[in-house]
Each structure stands twice: as C-alpha cells, then as structure tokens.
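Enquirer: My structure is below; once you've seen it, I'll send some questions.
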Amino acid sequence: NAGVTQTPKFRVLKTGQSMTLLCAQDMNHEYMYWYRQDPGMGLRLIHYSVGEGTTAKGEVPDGYNVSRLKKQNFLLGLESAAPSQTSVYFCASRVDRFYEQYFGPGTRLTVT
Amino acid sequence: LAKTTQPISMDSYEGQEVNITCSHNNIATNDYITWYQQFPSQGPRFIIQGYKTKVTNEVASLFIPADRKSSTLSLPRVSLSDTAVYYCLVGGGTNAGKSTFGDGTTLTVKP
C-alpha cells in the first residue's frame, strides 16, 4: 500500500514550457486535491475532485488545469509555466469529506 | 470557507505540555476542525479531528468550546521530534471537503 505518490519529485522548467504532474493513490479514495505551498506559507488549494470524471476550482486555479480520468489518478497541468508558479505542489486524497486527507511527498517545481 | 488564526510561532522544552490555540469565528454548522503536522520537505500529516467538546487519541487532545469559535490542540510531553509546523483547518462538512490552510504555527522544542 503506497498511499499517495507524486511524479516527478523535482522539475525545472523555462518560462512558457508546459508540464503535467501526476498524483496517484491506491486507497480507493473518492476525493483528491492539488495544493501549492510557497516558502513560509500554508497550503493553498488549486483544484479538487470529488470523484472520477469530476473537477472543480479551488482558491488559486489560474494557470492550471486538471483531469481525473481514472479514480486513482489526478493530473495537474501547467500549459505555459511562469516564474510565479515556482512552488512545492502537494496532492492529497481522502475517503470522503468527513475524513482526514492523506498527502503525497510533494513536487518541487522551479520556473526560470 | 472559514478563516483560521493561529500564533505564528511557539517555543517549548522537552517534556512540557504544549497548547496551540486556533481562532475560527466564522465556522459553519457542518464544519469539522482538523489539525495537521508538517515537517520540512514533507506533506502534512493528520493529527486529530473533532466537531465539539474533547477528542483524544494516542498523540494529542483537541478541546473545542461550546461556541466552536476556537479550538486548542494539546500535545502532552513534547520531544525534539515534535518540532514542526502545525495547521488548524476548518471545513469538510460542506463544499466538497474544501478547507483553508492558514500559515500555521511553528513549534520549536528545545532540549
């Protein structure tokens, strides 16, 4: 049981490049979330999903897109990376809204 | 989403009890209160969750007064390994479980 895994762990992009971050969970959780965390700050919600095929915007969705084609995977895309998107990205999942979130190890993204 | 307010930092010594209070004046009827712990370069980890009164598990206690506008996380007999950032979250009952992370409380435990 791997829990929540994130791929890649580190990435450096040039401004304007695109990439996709993958989050995978093997706990059969319905809800999945993408957060970003800037230095010295708390986590901010980017997008979330309440089940396969569903997505919704969180607190800071601009510049990101997501897809949940399979229940176990939640993808976060950056179409045209900007330096302001330099951050650590965390994925989380939970059984439903009443239970705790399980977080992945994070992806450290630098945009130059 | 309810906004939370916590102290930015706290210091303690090994073996002491630490209480971290969180203010959440706009908590909604269906909202739960959840605390997470985060070590550097790691994702947050669940500590405890409650709705009202007192909840206790093997690592912490959570005290919630009747008006639910605040909550207190209590860590008994802290050790150096409890040095971390602690986040109070309010939410979960509605809005697909969305919660707002504040900036957290950095707890430093000294020998």
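Here, A, B, ... name the chains of the structure tokens in the order displayed, residue numbers run from 1 inside each chain, and ligands are numbered from 1 in the same displayed order.
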Within 8 Å of chain A, which residues of chain B are there when counting only C-alpha atoms? Please give them as a list in words.

Expert: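 Therefore, the residues near the partner are Tyr32, Thr34, Ser41, Gln42, Gly43, Pro44, Arg45, Phe46, Gln49, Tyr87, Gly92, Gly93, Thr94, Ala96, Gly97, Lys98, Thr100, Phe101, Gly102, Asp103 and Gly104 of chain B.
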
Enquirer: Might you pull out every residue within 9 Å of segment 6-10 of chain B, with only C-alpha atoms counted and same-chain residues fewer than 5 positions away left off, and present them as an MDAnalysis selection string?

Expert: chainID B and resid 18 20:23 85 87:88 102:109

Enquirer: Quick one: everything within 10 Å of segment 67-78 of chain B, counting only C-alpha atoms, minus sequence neighbours fewer than 4 positions away in the same chain. Send it as a compact mmCIF listing (two decimals) with C-alpha atoms, in the first residue's frame.

Expert:
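Heads up, here's the output in out.txt:
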```
# COMPACT_ATOMS: atom_id res chain seq x y z
CA THR B 4 -8.36 30.50 10.90
CA THR B 5 -5.91 32.45 13.05
CA GLN B 6 -3.03 30.82 14.93
CA SER B 12 8.75 24.83 24.37
CA TYR B 13 11.09 22.45 26.19
CA GLU B 14 11.20 18.69 26.09
CA GLY B 15 8.74 17.04 28.44
CA GLN B 16 6.38 20.02 28.64
CA GLU B 17 2.77 20.12 27.55
CA VAL B 18 2.11 22.43 24.61
CA ASN B 19 -1.22 24.05 23.83
CA ILE B 20 -1.79 25.71 20.47
CA THR B 21 -4.99 27.69 20.07
CA CYS B 22 -6.75 28.39 16.80
CA SER B 23 -9.45 31.00 16.29
CA HIS B 24 -12.19 30.36 13.73
CA ASN B 25 -15.01 32.82 14.30
CA ASN B 26 -16.84 32.04 11.04
CA ILE B 27 -17.06 28.28 11.48
CA ALA B 28 -20.16 26.81 9.85
CA THR B 29 -22.54 24.36 11.46
CA ASP B 31 -17.61 22.21 9.64
CA TYR B 32 -15.12 19.98 11.38
CA ILE B 33 -11.88 21.13 12.99
CA THR B 34 -8.77 19.25 11.90
CA TRP B 35 -5.12 19.63 12.83
CA ILE B 47 -3.05 14.61 13.89
CA ILE B 48 -6.61 14.86 15.16
CA GLN B 49 -10.11 15.94 14.19
CA GLY B 50 -13.18 16.95 16.16
CA TYR B 51 -16.57 18.59 15.98
CA LYS B 52 -17.27 19.62 19.59
CA THR B 53 -16.13 19.07 23.19
CA LYS B 54 -12.99 17.00 23.59
CA VAL B 55 -11.30 14.43 21.41
CA THR B 56 -8.24 12.43 22.42
CA VAL B 59 -0.73 11.59 20.20
CA ALA B 60 -2.87 14.63 21.08
CA SER B 61 -6.06 16.07 22.51
CA LEU B 62 -8.37 18.58 20.92
CA PHE B 63 -10.51 20.88 23.03
CA ASP B 82 7.65 17.36 17.68
CA THR B 83 9.38 20.41 16.23
CA TYR B 86 1.03 22.78 12.98
CA TYR B 87 -2.00 23.74 10.91
CA CYS B 88 -5.56 24.18 12.07
CA THR B 108 10.21 24.65 18.29
CA VAL B 109 11.01 22.19 21.05
CA LYS B 110 14.28 22.81 22.83
```

Enquirer: Got a sec: who's within 7 Å of segment 17-30 of chain A, counting only C-alpha atoms, leaving out chain neighbours fewer than 5 positions off, as number ranges by chain?

Expert: A: 1-8, 50-51, 71-81, 91, 93-96

Enquirer: Please produce an output containing C-alpha atoms for each residue in the selection, written as a JSON list (two decimals), in the first residue's frame.

Expert:
```json
[["chain", "number", "residue", "atom", "x", "y", "z"],
["A", 1, "ASN", "CA", 0.00, 0.00, 0.00],
["A", 2, "ALA", "CA", 1.96, 3.02, -1.30],
["A", 3, "GLY", "CA", -0.59, 5.64, -0.21],
["A", 4, "VAL", "CA", -0.29, 8.83, -2.24],
["A", 5, "THR", "CA", 2.58, 9.13, -4.69],
["A", 6, "GLN", "CA", 3.62, 12.09, -6.83],
["A", 7, "THR", "CA", 5.65, 12.20, -10.02],
["A", 8, "PRO", "CA", 8.12, 13.82, -10.55],
["A", 50, "VAL", "CA", -14.95, 14.62, -5.70],
["A", 51, "GLY", "CA", -14.88, 11.57, -7.94],
["A", 71, "LYS", "CA", -10.32, 7.27, -9.86],
["A", 72, "GLN", "CA", -6.79, 6.62, -8.68],
["A", 73, "ASN", "CA", -5.10, 9.40, -10.67],
["A", 74, "PHE", "CA", -5.34, 13.19, -10.52],
["A", 75, "LEU", "CA", -3.27, 15.16, -13.03],
["A", 76, "LEU", "CA", -2.23, 18.80, -12.69],
["A", 77, "GLY", "CA", -1.17, 20.61, -15.86],
["A", 78, "LEU", "CA", 0.69, 23.83, -16.43],
["A", 79, "GLU", "CA", 0.13, 24.96, -20.02],
["A", 80, "SER", "CA", 2.57, 27.87, -20.03],
["A", 81, "ALA", "CA", 4.72, 27.99, -16.92],
["A", 91, "CYS", "CA", -1.50, 16.21, -3.76],
["A", 93, "SER", "CA", -6.74, 12.27, -1.14],
["A", 94, "ARG", "CA", -9.46, 11.26, 1.29],
["A", 95, "VAL", "CA", -12.26, 8.74, 1.55],
["A", 96, "ASP", "CA", -14.90, 11.46, 1.76]]
```

Enquirer: Using DSSP on the backbone coordinates, identify all residues within chain B classified as helix (DSSP H, G or I); present the result as a list in words.

Expert: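 So, restricting chain B to helix (DSSP H, G or I), we get Leu80, Ser81, Asp82, Asn95, Ala96 and Gly97 of chain B.
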
Enquirer: Can you work out the spacing between atom CA of Pro39 of chain A and atom CA of Ser79 of chain B in Å, to one decimal?

Expert: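 Distance reported for this atom pair: 25.2 Å.
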